[in-house]
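S.K.: So I've got this file, my_file-v7.cif, and it contains mmCIF, C-alpha atoms:
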data_query
loop_
_atom_site.label_atom_id
_atom_site.label_comp_id
_atom_site.auth_asym_id
_atom_site.auth_seq_id
_atom_site.Cartn_x
_atom_site.Cartn_y
_atom_site.Cartn_z
CA MET A 1 -10.16 -39.36 42.12
CA SER A 2 -6.55 -38.36 42.21
CA ASN A 3 -3.83 -40.17 40.42
CA HIS A 4 -0.81 -41.15 42.59
CA LYS A 5 2.74 -41.04 41.23
CA ASP A 6 6.10 -41.22 43.00
CA ILE A 7 7.49 -38.32 41.01
CA ILE A 8 5.79 -35.78 38.80
CA ILE A 9 7.69 -33.61 36.37
CA ILE A 10 5.87 -30.51 35.21
CA GLY A 11 6.99 -29.49 31.72
CA GLY A 12 7.84 -31.74 28.80
CA GLY A 13 10.75 -29.78 27.40
CA ALA A 14 14.49 -30.44 27.35
CA ALA A 15 14.99 -30.32 31.13
CA GLY A 16 11.78 -32.22 31.92
CA PHE A 17 12.50 -35.15 29.63
CA PHE A 18 16.16 -35.35 30.61
CA ALA A 19 15.27 -35.46 34.31
CA ALA A 20 12.46 -37.99 33.83
CA ILE A 21 14.64 -40.37 31.83
CA ASN A 22 17.51 -40.19 34.33
CA ILE A 23 15.20 -40.75 37.33
CA ALA A 24 13.36 -43.65 35.71
CA GLU A 25 16.58 -45.28 34.55
CA GLN A 26 18.16 -45.13 38.04
CA HIS A 27 14.92 -46.14 39.83
CA PRO A 28 12.89 -48.53 37.67
CA ASP A 29 10.59 -49.28 40.61
CA LEU A 30 9.22 -45.71 40.78
CA SER A 31 6.28 -44.30 38.84
CA VAL A 32 7.46 -41.20 36.95
CA ALA A 33 5.11 -38.97 34.96
CA ILE A 34 5.60 -35.83 32.85
CA LEU A 35 2.72 -33.33 32.67
CA GLU A 36 2.97 -31.30 29.47
CA ARG A 37 0.41 -28.61 28.60
CA GLY A 38 0.98 -28.87 24.81
CA LYS A 39 -0.09 -31.62 22.45
CA GLU A 40 3.56 -32.54 22.02
CA GLY A 41 6.73 -31.87 23.96
CA LEU A 42 10.32 -30.83 23.25
CA GLN A 43 9.26 -27.82 21.17
CA LYS A 44 12.40 -25.76 21.82
CA VAL A 45 14.58 -28.77 21.04
CA LYS A 46 12.76 -29.03 17.71
CA ILE A 47 13.35 -25.45 16.55
CA SER A 48 16.72 -24.73 18.18
CA GLY A 49 19.66 -24.03 15.89
CA GLY A 50 17.43 -23.72 12.83
CA GLY A 51 15.98 -27.19 13.38
CA ARG A 52 19.39 -28.80 13.90
CA CYS A 53 19.36 -28.52 17.72
CA ASN A 54 22.40 -26.80 19.20
CA VAL A 55 22.75 -29.35 22.03
CA THR A 56 25.71 -27.83 23.88
CA HIS A 57 28.98 -25.92 23.39
CA ALA A 58 32.51 -27.31 23.16
CA GLU A 59 33.80 -25.62 26.31
CA PHE A 60 35.23 -28.12 28.79
CA ILE A 61 36.48 -25.92 31.64
CA PRO A 62 33.74 -25.09 34.19
CA SER A 63 35.21 -21.67 35.09
CA GLU A 64 35.20 -20.72 31.38
CA LEU A 65 31.78 -22.23 30.68
CA VAL A 66 30.08 -20.14 33.41
CA LEU A 67 31.20 -16.88 31.75
CA ASN A 68 28.43 -17.40 29.18
CA TYR A 69 25.66 -16.98 31.78
CA PRO A 70 24.68 -13.36 32.52
CA ARG A 71 22.50 -14.76 35.31
CA GLY A 72 23.75 -17.95 36.97
CA GLU A 73 27.52 -17.53 36.52
CA LYS A 74 28.34 -17.97 40.21
CA GLU A 75 25.68 -20.57 40.94
CA LEU A 76 26.50 -22.95 38.06
CA LEU A 77 30.21 -23.34 38.83
CA GLY A 78 29.64 -26.19 41.34
CA PRO A 79 27.01 -27.98 39.23
CA PHE A 80 29.25 -27.85 36.12
CA HIS A 81 31.96 -29.68 38.06
CA ARG A 82 29.44 -32.51 38.43
CA PHE A 83 27.81 -32.60 35.00
CA MET A 84 28.75 -30.54 31.97
CA THR A 85 29.61 -30.66 28.28
CA GLY A 86 31.64 -33.88 28.28
CA ASP A 87 28.96 -35.66 30.28
CA THR A 88 26.23 -34.48 27.90
CA ILE A 89 28.23 -35.78 24.92
CA ALA A 90 28.86 -39.14 26.66
CA TRP A 91 25.21 -39.50 27.73
CA LEU A 92 23.99 -39.02 24.15
CA GLU A 93 26.70 -41.20 22.59
CA GLU A 94 25.83 -44.09 24.93
CA ARG A 95 22.32 -43.83 23.51
CA GLY A 96 23.41 -43.77 19.89
CA VAL A 97 23.49 -40.02 19.20
CA GLU A 98 26.81 -38.74 17.82
CA LEU A 99 27.60 -35.04 18.09
CA LYS A 100 29.97 -32.82 16.08
CA ILE A 101 31.68 -29.53 16.86
CA GLU A 102 31.33 -26.60 14.46
CA GLU A 103 33.96 -23.89 13.96
CA ASP A 104 32.36 -21.52 16.47
CA GLY A 105 32.21 -24.22 19.17
CA ARG A 106 28.50 -25.01 18.84
CA MET A 107 27.68 -28.73 18.96
CA PHE A 108 25.01 -30.44 16.88
CA PRO A 109 23.94 -34.01 16.18
CA VAL A 110 25.91 -35.41 13.23
CA SER A 111 22.54 -35.98 11.53
CA ASN A 112 22.01 -32.16 11.47
CA SER A 113 18.46 -32.78 12.65
CA SER A 114 16.85 -31.99 15.99
CA GLN A 115 14.56 -34.97 15.34
CA THR A 116 17.52 -37.22 16.29
CA ILE A 117 17.52 -35.75 19.81
CA ILE A 118 13.71 -35.86 20.08
CA ASP A 119 13.61 -39.52 18.95
CA CYS A 120 16.33 -40.41 21.45
CA PHE A 121 14.40 -38.80 24.32
CA LEU A 122 11.04 -40.30 23.33
CA ASN A 123 12.58 -43.77 22.95
CA GLU A 124 14.38 -43.55 26.31
CA ALA A 125 11.23 -42.30 28.03
CA GLU A 126 9.26 -45.23 26.62
CA LYS A 127 11.98 -47.75 27.39
CA HIS A 128 12.12 -46.67 31.04
CA ARG A 129 8.32 -46.47 31.34
CA VAL A 130 8.03 -42.72 31.87
CA GLU A 131 4.37 -41.76 31.48
CA VAL A 132 4.13 -38.68 29.26
CA LEU A 133 0.77 -36.95 29.59
CA TYR A 134 0.14 -34.33 26.90
CA ASN A 135 -2.60 -31.66 27.01
CA HIS A 136 -2.26 -31.54 30.79
CA ALA A 137 -2.04 -27.85 31.74
CA VAL A 138 -1.33 -27.34 35.44
CA LYS A 139 -3.95 -25.18 37.20
CA SER A 140 -2.80 -25.33 40.82
CA ILE A 141 -0.16 -26.86 43.08
CA ASP A 142 -0.75 -27.44 46.78
CA THR A 143 1.59 -28.85 49.38
CA LEU A 144 0.30 -31.80 51.41
CA ALA A 145 1.76 -33.40 54.55
CA ASP A 146 3.41 -36.09 52.42
CA GLY A 147 3.92 -34.36 49.10
CA PHE A 148 1.92 -32.40 46.55
CA LYS A 149 -1.51 -32.18 44.99
CA ILE A 150 -1.52 -30.96 41.40
CA GLU A 151 -4.70 -29.99 39.61
CA THR A 152 -4.52 -30.15 35.81
CA SER A 153 -6.94 -29.53 32.96
CA GLN A 154 -7.47 -33.32 32.90
CA GLY A 155 -7.70 -34.33 36.54
CA ILE A 156 -5.89 -34.27 39.85
CA PHE A 157 -2.52 -35.87 40.61
CA GLN A 158 -0.61 -36.52 43.81
CA SER A 159 3.07 -37.22 44.25
CA LYS A 160 5.77 -37.26 46.93
CA LYS A 161 8.16 -35.16 44.86
CA VAL A 162 7.78 -32.63 42.07
CA LEU A 163 10.32 -31.32 39.57
CA MET A 164 9.39 -28.08 37.83
CA ALA A 165 10.83 -27.71 34.32
CA THR A 166 8.40 -25.32 32.66
CA GLY A 167 10.91 -22.78 31.32
CA SER A 168 9.74 -19.17 31.10
CA ASN A 169 6.07 -19.74 31.90
CA PRO A 170 4.41 -16.81 33.73
CA LYS A 171 1.40 -18.92 34.86
CA ILE A 172 3.67 -21.38 36.63
CA TRP A 173 5.75 -18.57 38.11
CA ASN A 174 2.50 -17.18 39.60
CA LEU A 175 1.74 -20.57 41.18
CA LEU A 176 5.25 -20.64 42.68
CA GLU A 177 4.75 -17.13 44.06
CA ASP A 178 1.59 -18.38 45.76
CA LEU A 179 3.74 -21.08 47.40
CA GLY A 180 6.10 -18.39 48.73
CA HIS A 181 8.87 -18.26 46.10
CA THR A 182 10.29 -14.95 44.87
CA ILE A 183 10.12 -14.52 41.08
CA ILE A 184 12.53 -12.13 39.40
CA GLN A 185 10.38 -10.41 36.78
CA PRO A 186 11.18 -11.68 33.29
CA VAL A 187 12.73 -9.41 30.66
CA PRO A 188 13.84 -10.42 27.15
CA SER A 189 17.46 -11.47 26.98
CA LEU A 190 18.68 -12.40 23.50
CA PHE A 191 17.61 -9.74 21.03
CA THR A 192 18.92 -7.61 18.19
CA PHE A 193 18.96 -3.80 18.12
CA ASP A 194 16.58 -1.75 15.97
CA ILE A 195 18.51 1.23 14.55
CA LYS A 196 17.41 3.68 11.86
CA ASP A 197 20.56 5.37 10.58
CA LYS A 198 21.58 6.38 7.09
CA ARG A 199 25.07 4.92 7.59
CA ILE A 200 23.64 1.39 7.73
CA LYS A 201 20.33 1.78 5.89
CA ASP A 202 21.52 0.43 2.53
CA ILE A 203 24.04 -2.18 3.56
CA PRO A 204 22.17 -5.11 5.21
CA GLY A 205 24.22 -8.31 5.26
CA VAL A 206 27.53 -6.56 5.89
CA VAL A 207 29.65 -8.05 8.70
CA ALA A 208 32.44 -6.25 10.55
CA LYS A 209 34.56 -9.00 12.09
CA GLN A 210 36.18 -7.47 15.16
CA VAL A 211 34.03 -4.81 16.73
CA GLU A 212 33.77 -3.33 20.22
CA VAL A 213 30.37 -2.03 21.35
CA LYS A 214 29.50 -0.01 24.46
CA VAL A 215 26.16 1.18 25.79
CA VAL A 216 26.61 4.91 26.41
CA GLY A 217 26.20 5.87 30.07
CA THR A 218 26.67 2.32 31.43
CA ASP A 219 29.50 -0.17 32.06
CA LEU A 220 28.04 -2.53 29.45
CA GLU A 221 30.43 -3.51 26.68
CA SER A 222 31.12 -6.47 24.44
CA ASN A 223 33.09 -7.45 21.37
CA GLY A 224 32.99 -9.83 18.43
CA PRO A 225 31.46 -9.88 14.95
CA LEU A 226 28.70 -7.37 14.16
CA LEU A 227 26.09 -7.90 11.45
CA ILE A 228 24.13 -5.08 9.84
CA THR A 229 20.52 -6.18 9.20
CA HIS A 230 17.43 -4.70 7.52
CA VAL A 231 16.30 -3.32 10.88
CA GLY A 232 19.57 -2.56 12.66
CA MET A 233 22.40 -4.63 14.14
CA SER A 234 22.86 -8.24 15.25
CA ALA A 235 25.51 -11.02 15.64
CA PRO A 236 27.53 -11.91 18.78
CA ALA A 237 28.75 -8.39 19.63
CA ILE A 238 25.13 -7.23 19.93
CA LEU A 239 23.60 -10.43 21.32
CA LYS A 240 26.12 -10.59 24.17
CA LEU A 241 25.31 -6.99 25.01
CA SER A 242 21.57 -7.75 24.98
CA ALA A 243 22.02 -10.71 27.33
CA PHE A 244 24.37 -9.10 29.84
CA GLY A 245 22.40 -5.84 29.64
CA ALA A 246 18.93 -7.46 29.71
CA VAL A 247 17.78 -5.80 32.93
CA GLU A 248 19.42 -2.42 32.32
CA LEU A 249 18.18 -2.12 28.71
CA ALA A 250 14.62 -3.04 29.75
CA LYS A 251 14.75 -0.18 32.30
CA ARG A 252 15.65 2.14 29.43
CA ASN A 253 12.70 0.84 27.45
CA TYR A 254 15.10 -0.18 24.66
CA ASN A 255 15.92 3.45 23.91
CA PHE A 256 19.61 4.15 24.32
CA GLN A 257 22.80 4.97 22.44
CA ILE A 258 25.65 2.66 21.58
CA GLU A 259 29.22 3.58 20.71
CA VAL A 260 30.68 1.29 18.07
CA ASN A 261 34.38 0.81 17.43
CA PHE A 262 34.39 -0.94 14.05
CA ILE A 263 38.12 -1.68 14.01
CA SER A 264 39.03 -2.39 17.68
CA LEU A 265 41.76 0.28 17.59
CA ASP A 266 41.85 3.39 19.76
CA THR A 267 41.17 6.73 18.04
CA GLU A 268 44.79 7.92 18.23
CA SER A 269 46.23 4.79 16.59
CA CYS A 270 43.51 4.96 13.96
CA LEU A 271 44.39 8.58 13.19
CA ASP A 272 48.09 7.66 12.83
CA GLU A 273 47.17 4.95 10.34
CA LEU A 274 44.98 7.38 8.38
CA LYS A 275 47.85 9.90 8.21
CA ASN A 276 50.07 7.16 6.77
CA CYS A 277 47.39 6.39 4.18
CA LYS A 278 47.30 10.09 3.23
CA GLN A 279 51.02 9.82 2.35
CA GLU A 280 50.91 6.39 0.80
CA TYR A 281 47.72 6.65 -1.30
CA ALA A 282 47.81 10.40 -2.05
CA LYS A 283 46.42 10.07 -5.59
CA LYS A 284 43.77 7.45 -4.84
CA THR A 285 40.21 8.21 -3.78
CA LEU A 286 39.37 7.23 -0.23
CA ILE A 287 36.31 5.27 -1.27
CA ASN A 288 38.41 2.95 -3.44
CA SER A 289 41.07 2.27 -0.85
CA THR A 290 39.37 0.39 1.96
CA GLN A 291 41.43 0.10 5.17
CA PHE A 292 41.39 -1.95 8.42
CA ASP A 293 39.95 -5.06 6.73
CA LEU A 294 36.52 -3.42 6.73
CA PRO A 295 33.83 -4.49 4.24
CA LYS A 296 33.92 -2.05 1.29
CA ARG A 297 30.26 -1.03 1.64
CA LEU A 298 30.70 -0.13 5.31
CA TRP A 299 33.94 1.76 4.64
CA LYS A 300 32.14 3.81 1.99
CA GLN A 301 29.31 4.76 4.38
CA LEU A 302 31.74 5.82 7.12
CA ILE A 303 33.68 7.96 4.60
CA LEU A 304 30.47 9.73 3.58
CA ALA A 305 29.48 10.16 7.25
CA ALA A 306 32.81 11.95 7.83
CA ASN A 307 31.82 14.56 5.20
CA ILE A 308 34.24 13.25 2.62
CA GLY A 309 32.99 13.29 -0.97
CA GLU A 310 32.83 10.19 -3.18
CA ASN A 311 35.61 11.46 -5.44
CA GLU A 312 37.92 13.00 -2.86
CA ARG A 313 41.49 11.79 -2.90
CA TRP A 314 43.67 11.21 0.12
CA ALA A 315 45.87 14.16 -0.86
CA ASP A 316 42.90 16.56 -0.77
CA ILE A 317 41.44 15.87 2.64
CA ASN A 318 42.17 18.10 5.60
CA LYS A 319 42.98 17.40 9.24
CA GLN A 320 39.35 17.84 10.37
CA GLN A 321 38.09 15.28 7.85
CA LEU A 322 40.72 12.78 8.98
CA GLU A 323 39.69 13.29 12.60
CA ASP A 324 36.01 12.88 11.70
CA LEU A 325 36.81 9.65 9.88
CA ALA A 326 38.79 8.34 12.87
CA GLU A 327 35.75 9.11 15.07
CA GLN A 328 33.40 7.26 12.68
CA LEU A 329 35.70 4.25 12.69
CA THR A 330 36.33 4.06 16.43
CA LYS A 331 33.55 5.97 18.22
CA ALA A 332 30.48 5.92 16.00
CA ILE A 333 27.34 6.72 17.97
CA PHE A 334 24.08 5.00 16.97
CA GLN A 335 20.63 5.52 18.49
CA VAL A 336 18.84 2.28 19.35
CA THR A 337 15.04 2.64 19.27
CA GLY A 338 13.85 -0.87 20.02
CA LYS A 339 14.56 -4.60 19.87
CA SER A 340 13.70 -7.59 17.69
CA THR A 341 13.64 -11.26 18.65
CA PHE A 342 16.78 -13.10 17.61
CA LYS A 343 15.71 -15.93 15.27
CA GLU A 344 13.65 -18.41 17.29
CA GLU A 345 15.61 -17.99 20.51
CA PHE A 346 12.90 -16.88 22.94
CA VAL A 347 15.18 -16.47 25.91
CA THR A 348 14.21 -14.42 28.93
CA ALA A 349 16.08 -13.32 32.01
CA GLY A 350 13.94 -13.85 35.10
CA GLY A 351 12.46 -16.69 37.11
CA VAL A 352 12.81 -18.25 40.53
CA ASP A 353 15.27 -16.21 42.62
CA LEU A 354 18.63 -18.04 42.66
CA LYS A 355 18.97 -17.44 46.41
CA GLU A 356 15.99 -19.78 46.94
CA VAL A 357 17.53 -22.77 45.14
CA ASN A 358 20.08 -25.19 46.60
CA PHE A 359 22.53 -25.69 43.73
CA LYS A 360 23.97 -28.89 45.21
CA THR A 361 20.62 -30.59 44.61
CA PHE A 362 18.48 -28.11 42.60
CA GLU A 363 15.87 -28.40 45.38
CA SER A 364 13.83 -25.46 46.61
CA LYS A 365 15.23 -24.03 49.86
CA LEU A 366 11.67 -23.10 50.88
CA ILE A 367 9.62 -26.17 49.96
CA PRO A 368 11.08 -29.63 50.63
CA ASN A 369 10.79 -32.15 47.78
CA LEU A 370 10.22 -29.44 45.15
CA TYR A 371 12.97 -29.33 42.52
CA PHE A 372 13.78 -27.08 39.55
CA ALA A 373 15.64 -27.50 36.26
CA GLY A 374 16.21 -25.28 33.22
CA GLU A 375 15.05 -21.75 32.56
CA ILE A 376 12.32 -21.73 35.21
CA ILE A 377 15.02 -20.40 37.56
CA ASN A 378 16.66 -17.04 36.94
CA VAL A 379 19.44 -18.46 34.75
CA ASP A 380 19.96 -17.59 31.10
CA ALA A 381 22.82 -17.67 28.67
CA VAL A 382 24.18 -16.18 25.49
CA THR A 383 23.45 -18.02 22.26
CA GLY A 384 25.47 -21.13 21.32
CA GLY A 385 24.07 -24.15 23.18
CA PHE A 386 24.54 -22.79 26.70
CA ASN A 387 20.86 -22.62 27.66
CA PHE A 388 20.54 -26.32 26.83
CA GLN A 389 23.65 -27.16 28.88
CA ASN A 390 22.04 -25.44 31.87
CA ALA A 391 18.95 -27.61 31.31
CA TRP A 392 20.94 -30.87 31.10
CA THR A 393 23.04 -30.04 34.16
CA GLY A 394 20.13 -28.97 36.37
CA ALA A 395 17.98 -31.90 35.27
CA TYR A 396 20.76 -34.41 35.85
CA ILE A 397 21.67 -33.14 39.32
CA ALA A 398 18.00 -32.86 40.32
CA SER A 399 17.38 -36.40 39.12
CA ALA A 400 20.37 -37.68 41.11
CA SER A 401 19.30 -35.79 44.27
CA ILE A 402 15.56 -36.35 44.12
CA MET A 403 15.81 -39.96 45.32
CA LEU A 404 18.50 -39.54 47.97
CA HIS A 405 16.11 -38.53 50.72
#
Before we go any further, please render this structure as structure tokens.

M.R.:
Amino acid sequence: MSNHKDIIIIGGGAAGFFAAINIAEQHPDLSVAILERGKEGLQKVKISGGGRCNVTHAEFIPSELVLNYPRGEKELLGPFHRFMTGDTIAWLEERGVELKIEEDGRMFPVSNSSQTIIDCFLNEAEKHRVEVLYNHAVKSIDTLADGFKIETSQGIFQSKKVLMATGSNPKIWNLLEDLGHTIIQPVPSLFTFDIKDKRIKDIPGVVAKQVEVKVVGTDLESNGPLLITHVGMSAPAILKLSAFGAVELAKRNYNFQIEVNFISLDTESCLDELKNCKQEYAKKTLINSTQFDLPKRLWKQLILAANIGENERWADINKQQLEDLAEQLTKAIFQVTGKSTFKEEFVTAGGVDLKEVNFKTFESKLIPNLYFAGEIINVDAVTGGFNFQNAWTGAYIASASIMLH
């Protein structure tokens, strides 16, 4: 016996719950069910932002907001004019969840707990009679004359409309391929760089604040703070590069070189400054006169890398040593040998080809009455609440469109 619903949402994560609640609230007469393969839902919401849930980002101009999406920048511009950060904040506030903005623009619940968001969603789902079915893994999806037949680990369902919100789930992508959709093969997106190099080996925890990083032999570049870790390098300068370079760096099997400018000055200007230091600090040792606002431990390593001894004074170093130091400061080459996952942010590039989605409605262009929201499509973002904003926006627009025809 199959179970009939008006609308089935596959995936009980951020996008799935947000869509279900919005549909059920606008259309109380419809039966809405979420099929979730796990024993509970909203897992990414739970662990995001170290358990505080980085709900969105305080960027209120659509054309600026889209710049944080390596894949989806063009496609999300229209949707963000309909539902974005301000709407997310208002939606949550109307339901009793206050948000706050941190210095870097990330937004969290005032409670500092992701449980606040989870409780809000579970309460709203219950209030609007959304049926949430856990431990229901989807095995197959077939199109029928008047909708869909969905086989799960716990029985068969039928519905007129289906919204897919399963995130980066290869099994579901395979089912969509069977239905004729093109899947862009997933590659990791937010990751840190593994680097074995004596210049950084003994200084984990050091942060250089304004760094420019390029991937040698490509057009990929980024800037921002850089953190030296036990295994290599991290922080925004590296994470942005990993996101925008996701496809290219996968092709290189995570073996490539980066050029790091630790001081965001060109080599010539740096050399001029160093010559001034040679005059000004003649009697001091280089190691004890840190320049360019660099952390002392990093400055020391770059001095040693330029073949300057620990006790050498400014007065004693020659032109070649100054040039070598300028190179280390502005054009240091590091060999990257692999990647590590960034905290708990399992973000991948890949998913349903954006050309096959109508971004006015988030409906499939190939299969009528099939909708998408969240990371199931080939959209991903840099870290800071942007992946969630994509989920809220897609889910909201899908939920508004799903009942119009």

S.K.: Do you know which residues the PyMOL selection byres ((chain A and resi 126) around 12) returns on this file, as a list in words?

M.R.: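 On this input, the PyMOL selection byres ((chain A and resi 126) around 12) captures Phe17, Ala20, Ile21, Ala24, Glu25, Val32, Ala33, Ile34, Asp119, Cys120, Phe121, Leu122, Asn123, Glu124, Ala125, Lys127, His128, Arg129, Val130, Glu131 and Val132 of chain A.
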
S.K.: Deliver the residues from the most recent selection as a file, using C-alpha atoms, as a PDB file, in the coordinates of the input.

M.R.:
ATOM      1  CA  PHE A  17      12.500 -35.150  29.630  1.00  0.00           C
ATOM      2  CA  ALA A  20      12.460 -37.990  33.830  1.00  0.00           C
ATOM      3  CA  ILE A  21      14.640 -40.370  31.830  1.00  0.00           C
ATOM      4  CA  ALA A  24      13.360 -43.650  35.710  1.00  0.00           C
ATOM      5  CA  GLU A  25      16.580 -45.280  34.550  1.00  0.00           C
ATOM      6  CA  VAL A  32       7.460 -41.200  36.950  1.00  0.00           C
ATOM      7  CA  ALA A  33       5.110 -38.970  34.960  1.00  0.00           C
ATOM      8  CA  ILE A  34       5.600 -35.830  32.850  1.00  0.00           C
ATOM      9  CA  ASP A 119      13.610 -39.520  18.950  1.00  0.00           C
ATOM     10  CA  CYS A 120      16.330 -40.410  21.450  1.00  0.00           C
ATOM     11  CA  PHE A 121      14.400 -38.800  24.320  1.00  0.00           C
ATOM     12  CA  LEU A 122      11.040 -40.300  23.330  1.00  0.00           C
ATOM     13  CA  ASN A 123      12.580 -43.770  22.950  1.00  0.00           C
ATOM     14  CA  GLU A 124      14.380 -43.550  26.310  1.00  0.00           C
ATOM     15  CA  ALA A 125      11.230 -42.300  28.030  1.00  0.00           C
ATOM     16  CA  LYS A 127      11.980 -47.750  27.390  1.00  0.00           C
ATOM     17  CA  HIS A 128      12.120 -46.670  31.040  1.00  0.00           C
ATOM     18  CA  ARG A 129       8.320 -46.470  31.340  1.00  0.00           C
ATOM     19  CA  VAL A 130       8.030 -42.720  31.870  1.00  0.00           C
ATOM     20  CA  GLU A 131       4.370 -41.760  31.480  1.00  0.00           C
ATOM     21  CA  VAL A 132       4.130 -38.680  29.260  1.00  0.00           C
TER      22      VAL A 132
END

S.K.: For a test of reading the model, state the distance in Å between CA of Pro62 (chain A) and CA of Phe386 (chain A), rounded to one decimal.

M.R.: 12.1 Å

S.K.: So how far away is CA of Ile200 (chain A) from CA of Ile228 (chain A), in Å?

M.R.: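 Distance between the two atoms: 6.8 Å.
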
S.K.: Would you translate the PyMOL selection byres ((chain A and resi 233) around 9) into the concrete set of residues it matches in this file, as a list in words?

M.R.: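 Output from the PyMOL selection byres ((chain A and resi 233) around 9), applied to this file: Thr192, Phe193, Asp194, Ile195, Ile200, Pro204, Leu226, Leu227, Ile228, Thr229, His230, Val231, Gly232, Ser234, Ala235 and Ile238 of chain A.
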
S.K.: Could you tell me how far CA of Asp272 (chain A) lies from CA of Val213 (chain A), in Å and to one decimal?

M.R.: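 Going from CA of Asp272 (chain A) over to CA of Val213 (chain A), I get 21.9 Å.
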
S.K.: Would you give the centre and edge lengths, in Å to one decimal, of a box along x, y and z around the listed atoms of region 205-224 of chain A, with 6 Å added to each side, as JSON?

M.R.:
{"center_x": 30.2, "center_y": -2.0, "center_z": 18.7, "size_x": 24.0, "size_y": 27.7, "size_z": 38.8}

S.K.: Write out as a list in words each polymer residue whose atoms come within 8 Å of Glu36 (chain A), counting only C-alpha atoms; drop sequence neighbours fewer than 3 positions from it.

M.R.: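 Those residues are Ile10, Gly11, Gly12, Lys39, Glu40, Gly41, Val132, Leu133, Tyr134, Asn135, His136 and Ala137 of chain A.
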
S.K.: Atoms to include: C-alpha atoms. Write the selected residues as a CSV table (one decimal), in the coordinates of the input.

M.R.:
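New file result-v3.csv:
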chain,number,residue,atom,x,y,z
A,10,ILE,CA,5.9,-30.5,35.2
A,11,GLY,CA,7.0,-29.5,31.7
A,12,GLY,CA,7.8,-31.7,28.8
A,39,LYS,CA,-0.1,-31.6,22.4
A,40,GLU,CA,3.6,-32.5,22.0
A,41,GLY,CA,6.7,-31.9,24.0
A,132,VAL,CA,4.1,-38.7,29.3
A,133,LEU,CA,0.8,-37.0,29.6
A,134,TYR,CA,0.1,-34.3,26.9
A,135,ASN,CA,-2.6,-31.7,27.0
A,136,HIS,CA,-2.3,-31.5,30.8
A,137,ALA,CA,-2.0,-27.8,31.7
